[in-house]
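Here's the structure, in structure tokens; my notes come after.
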Amino acid sequence: MNSTARTLRSSVTVAGAGLLLAGAGAVLAPAATAATTDSQPPALAVSTAAPEEIGLGGQPVEFTTTASNVGTDDTSSARLIYHIDGGAGLPPNAVSLQYRLSGTTWKTVPLTLTGTRFSGELPESFALAAAQSRTVHLRLGLPMGTPHHGDSNGGADHLKLNTLISYGASGAANDTDEDTVKVDGLTAGLSGVPTTATAGGPGVTFGATVSNPTASAYENVTGVLFTSRYATVQVLHSGTWTTLKPITAPAEPDVYGFAITGKDSALAAHGDTAAKFRVTYLKNTPAGKTTVHPCAFVNEGSTPFTGTTFCGASGSITVKAATSGTTTPTTSATPSTSATPTTSSTPSTSPTATTTTSSGTISGTTSGSTTQLAKTGSNGISATTMTASALITGGAGTLSFIALRRRTRA
């Protein structure tokens, strides 16, 4: 609990009803007088141990709310209400809230969006005797859409979580608890990118990493390395270089992506995946600078390079013109609109320390800076508005890459 704003309300009871009626000439029996006096409303308090952070596009993170009856009167219908505000950058399907009063089954708290605030009440109320407490288990998430239909626009860098406790069908809030939850996301980075390569010459090697710094686990993660259509890309698996098939989107056939991870991989909380690549440029590659760029897509749909998107800083390689006697490398594989990697395998000519694979991901550590695209919202909210729209141009001796569409800051 970051901060608590308590607004315990004292109740006002109606007294002197007998006097009023007596003044009107009525005579009340003792039992009748007792029946006209309501019992005191319960004095309720609430405390939420909110998660410190959750991952944008990730799985929900568990937390608890403790409801307490600090008074001397019981209640049969304590109610918990939640308000979640992430600012102007969140679409209507961005937030999820689940609860568990007992057992192991998670149930959904229906949420409605009004302005920038998502609001919902636990569908179940519960009894709370005087001087007793009850802990409710909950899970808060920012799924940013649904599996394989991730939102490409929107995001937040924090959530304001407000918990209210009340009683009865329409009682006012007895107490509130206010918390701030940090929002972060996946990072993608490169390490060891060489400064030069020769067209038609030997391949150059470097590493690419997708890291999860958040408390959310991730599912349906597809890591992609974007580079020139003049490139052949191989990944090192257990000491063997495997040639990757380029991935393209129908609307942008000149954008070539290569899988860093398998499609729809899982990534544990605070985990990472890494791979080592070898990139060879064809003999007809225009001389000049070209770029390699790592990205990660969460809940990518049937169209490649869609979904909630995180991209890291690019690496620049200057391609030198082919020299006489240079061996022409193998021609690039035919592009595929599927994100499934692999075609052929060739033995490694220079063994390198291999990474370990598990559940479609490759474990490792990250290095280098990363950038989360893009920014949106009135308060500089970090978002994932980047679609994998890239522009590859070859001319005037240069090869440039990645002109990514972004939403501008409102």
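Identifiers in this document derive from the order of the structure tokens: chains are assigned A, B, ..., residues are numbered from 1 separately in each chain, and ligands are numbered from 1 in order of occurrence.
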
Might you pull out every residue within 7 Å of range 96-101 of chain A, with only C-alpha atoms counted and same-chain residues fewer than 4 positions away left off, and present them as an NGL selection string?
:A and (105-109 or 136-143)

Output for the residues just chosen: all heavy atoms as a compact mmCIF listing (two decimals), in the first residue's frame:
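To be explicit, this is the file written out as part_20.txt:
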```txt
# COMPACT_ATOMS: atom_id res chain seq x y z
N THR A 105 -10.36 -20.94 -8.20
CA THR A 105 -10.86 -20.43 -9.49
C THR A 105 -10.87 -18.91 -9.50
O THR A 105 -11.45 -18.27 -8.61
CB THR A 105 -12.28 -20.95 -9.76
OG1 THR A 105 -12.26 -22.38 -9.76
CG2 THR A 105 -12.78 -20.46 -11.12
N TRP A 106 -10.24 -18.33 -10.51
CA TRP A 106 -10.25 -16.89 -10.68
C TRP A 106 -11.50 -16.47 -11.42
O TRP A 106 -11.88 -17.06 -12.43
CB TRP A 106 -9.01 -16.42 -11.45
CG TRP A 106 -7.74 -16.55 -10.68
CD1 TRP A 106 -6.80 -17.53 -10.80
CD2 TRP A 106 -7.27 -15.67 -9.65
NE1 TRP A 106 -5.77 -17.33 -9.91
CE2 TRP A 106 -6.03 -16.19 -9.19
CE3 TRP A 106 -7.77 -14.51 -9.06
CZ2 TRP A 106 -5.29 -15.58 -8.19
CZ3 TRP A 106 -7.04 -13.90 -8.06
CH2 TRP A 106 -5.81 -14.43 -7.63
N LYS A 107 -12.15 -15.43 -10.92
CA LYS A 107 -13.35 -14.90 -11.54
C LYS A 107 -13.10 -13.46 -12.00
O LYS A 107 -12.27 -12.75 -11.44
CB LYS A 107 -14.52 -14.94 -10.55
CG LYS A 107 -14.82 -16.34 -10.03
CD LYS A 107 -15.94 -16.30 -8.99
CE LYS A 107 -16.20 -17.69 -8.42
NZ LYS A 107 -17.30 -17.66 -7.41
N THR A 108 -13.84 -13.04 -12.99
CA THR A 108 -13.62 -11.72 -13.60
C THR A 108 -14.42 -10.64 -12.89
O THR A 108 -15.60 -10.84 -12.55
CB THR A 108 -14.02 -11.76 -15.09
OG1 THR A 108 -13.20 -12.70 -15.77
CG2 THR A 108 -13.85 -10.38 -15.73
N VAL A 109 -13.78 -9.52 -12.65
CA VAL A 109 -14.47 -8.31 -12.20
C VAL A 109 -14.83 -7.51 -13.45
O VAL A 109 -13.93 -7.01 -14.14
CB VAL A 109 -13.59 -7.47 -11.26
CG1 VAL A 109 -14.34 -6.19 -10.86
CG2 VAL A 109 -13.19 -8.27 -10.03
N VAL A 136 -9.02 -10.71 0.38
CA VAL A 136 -9.46 -11.11 -0.95
C VAL A 136 -8.25 -11.12 -1.88
O VAL A 136 -7.46 -10.17 -1.89
CB VAL A 136 -10.54 -10.14 -1.49
CG1 VAL A 136 -11.01 -10.57 -2.88
CG2 VAL A 136 -11.71 -10.06 -0.52
N HIS A 137 -8.10 -12.19 -2.65
CA HIS A 137 -7.00 -12.29 -3.61
C HIS A 137 -7.48 -11.76 -4.97
O HIS A 137 -8.57 -12.09 -5.43
CB HIS A 137 -6.54 -13.74 -3.74
CG HIS A 137 -5.91 -14.27 -2.49
ND1 HIS A 137 -4.55 -14.26 -2.27
CD2 HIS A 137 -6.46 -14.80 -1.36
CE1 HIS A 137 -4.27 -14.76 -1.09
NE2 HIS A 137 -5.42 -15.10 -0.50
N LEU A 138 -6.61 -10.96 -5.60
CA LEU A 138 -6.95 -10.37 -6.89
C LEU A 138 -5.76 -10.46 -7.84
O LEU A 138 -4.63 -10.71 -7.41
CB LEU A 138 -7.38 -8.91 -6.73
CG LEU A 138 -8.61 -8.67 -5.85
CD1 LEU A 138 -8.18 -8.07 -4.52
CD2 LEU A 138 -9.61 -7.77 -6.55
N ARG A 139 -6.02 -10.23 -9.12
CA ARG A 139 -4.96 -10.15 -10.13
C ARG A 139 -5.26 -8.97 -11.05
O ARG A 139 -6.37 -8.84 -11.57
CB ARG A 139 -4.88 -11.44 -10.96
CG ARG A 139 -4.47 -12.65 -10.17
CD ARG A 139 -4.02 -13.81 -11.04
NE ARG A 139 -5.02 -14.23 -12.01
CZ ARG A 139 -4.92 -15.35 -12.73
NH1 ARG A 139 -3.85 -16.14 -12.60
NH2 ARG A 139 -5.87 -15.69 -13.58
N LEU A 140 -4.25 -8.12 -11.22
CA LEU A 140 -4.37 -6.94 -12.07
C LEU A 140 -3.47 -7.11 -13.28
O LEU A 140 -2.30 -7.49 -13.16
CB LEU A 140 -3.96 -5.69 -11.29
CG LEU A 140 -3.92 -4.36 -12.06
CD1 LEU A 140 -5.31 -3.97 -12.53
CD2 LEU A 140 -3.31 -3.27 -11.18
N GLY A 141 -4.02 -6.84 -14.45
CA GLY A 141 -3.22 -6.97 -15.67
C GLY A 141 -3.51 -5.88 -16.67
O GLY A 141 -4.54 -5.20 -16.61
N LEU A 142 -2.56 -5.70 -17.60
CA LEU A 142 -2.73 -4.80 -18.75
C LEU A 142 -2.54 -5.63 -20.02
O LEU A 142 -1.51 -5.52 -20.69
CB LEU A 142 -1.71 -3.67 -18.70
CG LEU A 142 -2.10 -2.39 -17.98
CD1 LEU A 142 -0.94 -1.41 -17.98
CD2 LEU A 142 -3.32 -1.74 -18.64
N PRO A 143 -3.51 -6.49 -20.37
CA PRO A 143 -3.32 -7.38 -21.51
C PRO A 143 -3.24 -6.66 -22.85
O PRO A 143 -2.72 -7.21 -23.83
CB PRO A 143 -4.54 -8.29 -21.45
CG PRO A 143 -5.57 -7.50 -20.70
CD PRO A 143 -4.80 -6.69 -19.70
```

Residues within 7 Å of Phe297 in chain A, only C-alpha atoms, excluding chain neighbours under 4 positions, as a PyMOL selection string:
chain A and resi 221-223+305-310

Store the residues picked out above, limited to C-alpha atoms, as a PDB file, in the first residue's frame.
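Saved to out30.pdb:
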```pdb
ATOM      1  CA  VAL A 221       5.917 -13.342 -27.600  1.00  0.00           C
ATOM      2  CA  THR A 222       7.571 -13.226 -31.026  1.00  0.00           C
ATOM      3  CA  GLY A 223      11.030 -11.664 -31.155  1.00  0.00           C
ATOM      4  CA  PHE A 305       4.557  -7.549 -37.149  1.00  0.00           C
ATOM      5  CA  THR A 306       1.246  -6.681 -35.468  1.00  0.00           C
ATOM      6  CA  GLY A 307       0.189  -6.670 -31.831  1.00  0.00           C
ATOM      7  CA  THR A 308       1.638  -4.919 -28.800  1.00  0.00           C
ATOM      8  CA  THR A 309       5.118  -3.912 -29.925  1.00  0.00           C
ATOM      9  CA  PHE A 310       8.420  -3.173 -28.203  1.00  0.00           C
TER      10      PHE A 310
END
```

Taking into account only C-alpha atoms, which residue in the set A:Ala156, A:Thr65, A:Pro147, A:Tyr256 is nearest to Arg134 in chain A?
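Checking each of A:Ala156, A:Thr65, A:Pro147, A:Tyr256 against Arg134 in chain A, counting only C-alpha atoms, the winner is A:Thr65.
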
Please return, as a ChimeraX atom specification, all residues of range 166-334 of chain A that DSSP assigns to strand (DSSP E) on the basis of the backbone.
/A:166-167,175-184,187-191,196-198,204-211,218-227,231-237,240-243,247-249,252-259,265-267,272-281,288-298,308-311,315-320

Do you have, as a tab-separated table, the list of residues of range 56-116 of chain A lying at most 7 Å from range 205-216 of chain A, each with its nearest atom pair and that distance in Å to one decimal, counting only C-alpha atoms and ordered by chain then number?
```
residue	atom	partner	partner_atom	distance
A:Gly58	CA	A:Ser216	CA	5.4
A:Gln59	CA	A:Ser216	CA	5.2
A:Pro60	CA	A:Ser216	CA	6.2
A:Val61	CA	A:Ser216	CA	5.9
```

Selection file, all heavy atoms, as a PDB file, in the first residue's frame:
```
ATOM      1  N   GLY A  58       1.423  -8.018 -20.700  1.00  0.00           N
ATOM      2  CA  GLY A  58       1.781  -9.246 -20.022  1.00  0.00           C
ATOM      3  C   GLY A  58       0.622  -9.866 -19.263  1.00  0.00           C
ATOM      4  O   GLY A  58      -0.519  -9.390 -19.307  1.00  0.00           O
ATOM      5  N   GLN A  59       0.928 -10.934 -18.535  1.00  0.00           N
ATOM      6  CA  GLN A  59      -0.068 -11.629 -17.739  1.00  0.00           C
ATOM      7  C   GLN A  59      -0.331 -10.862 -16.434  1.00  0.00           C
ATOM      8  O   GLN A  59       0.496 -10.067 -15.991  1.00  0.00           O
ATOM      9  CB  GLN A  59       0.418 -13.047 -17.426  1.00  0.00           C
ATOM     10  CG  GLN A  59       0.628 -13.898 -18.668  1.00  0.00           C
ATOM     11  CD  GLN A  59      -0.660 -14.101 -19.448  1.00  0.00           C
ATOM     12  OE1 GLN A  59      -1.617 -14.679 -18.950  1.00  0.00           O
ATOM     13  NE2 GLN A  59      -0.687 -13.619 -20.682  1.00  0.00           N
ATOM     14  N   PRO A  60      -1.492 -11.097 -15.795  1.00  0.00           N
ATOM     15  CA  PRO A  60      -1.818 -10.353 -14.577  1.00  0.00           C
ATOM     16  C   PRO A  60      -0.917 -10.731 -13.410  1.00  0.00           C
ATOM     17  O   PRO A  60      -0.345 -11.823 -13.361  1.00  0.00           O
ATOM     18  CB  PRO A  60      -3.276 -10.751 -14.307  1.00  0.00           C
ATOM     19  CG  PRO A  60      -3.445 -12.069 -14.985  1.00  0.00           C
ATOM     20  CD  PRO A  60      -2.578 -12.016 -16.198  1.00  0.00           C
ATOM     21  N   VAL A  61      -0.801  -9.808 -12.458  1.00  0.00           N
ATOM     22  CA  VAL A  61       0.024  -9.985 -11.267  1.00  0.00           C
ATOM     23  C   VAL A  61      -0.901 -10.012 -10.046  1.00  0.00           C
ATOM     24  O   VAL A  61      -1.795  -9.174  -9.911  1.00  0.00           O
ATOM     25  CB  VAL A  61       1.061  -8.854 -11.143  1.00  0.00           C
ATOM     26  CG1 VAL A  61       1.851  -8.992  -9.839  1.00  0.00           C
ATOM     27  CG2 VAL A  61       2.000  -8.860 -12.344  1.00  0.00           C
TER      28      VAL A  61
END
```

Residue neighbourhood Gly145 in chain A, 9 Å, only C-alpha atoms, exclusion window fewer than 4 positions, as a PyMOL selection string:
chain A and resi 57+91-95+149-151+299+307-308

What is the distance, in Å and to one decimal place, between CA of Val255 in chain A and CA of Gly200 in chain A?
21.0 Å

Which is closest to Thr303 in chain A among A:Ala249, A:Ala275, A:Ala321, A:Ala43, if we use only C-alpha atoms?
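Checking each of A:Ala249, A:Ala275, A:Ala321, A:Ala43 against Thr303 in chain A, counting only C-alpha atoms, the winner is A:Ala249.
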
Let me make sure I understand: among A:Glu53, A:Glu252, A:Glu300, A:Asp73, which one has the smallest atom-to-atom distance to Leu161 in chain A if we use only C-alpha atoms?
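Smallest distance to Leu161 in chain A is found for A:Glu53.
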
Do you know which residues are at most 9 Å from range 114-116 of chain A counting only C-alpha atoms, after dropping those on the same chain fewer than 2 positions away, and could you put them as a list in words?
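Within the cut-off, the hits are Ile84, Asp85, Gly86, Gly87, Ala88, Gly89, Leu90, Thr112, Phe118 and Ser119 of chain A.
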
For Gln234 in chain A, which of A:Pro110, A:Gly203, A:Gly168, A:Gly155 is the closest residue, counting only C-alpha atoms?
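Comparing A:Pro110, A:Gly203, A:Gly168, A:Gly155 against Gln234 in chain A, the winner is A:Gly203.
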
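Rounded to one decimal, CA of Gly262 in chain A and CA of His148 in chain A lie 14.7 Å from each other.
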
Computed interatomic separation between CA of Thr290 in chain A and CA of Ser302 in chain A (Å):
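Separating CA of Thr290 in chain A from CA of Ser302 in chain A is a distance of 28.3 Å.
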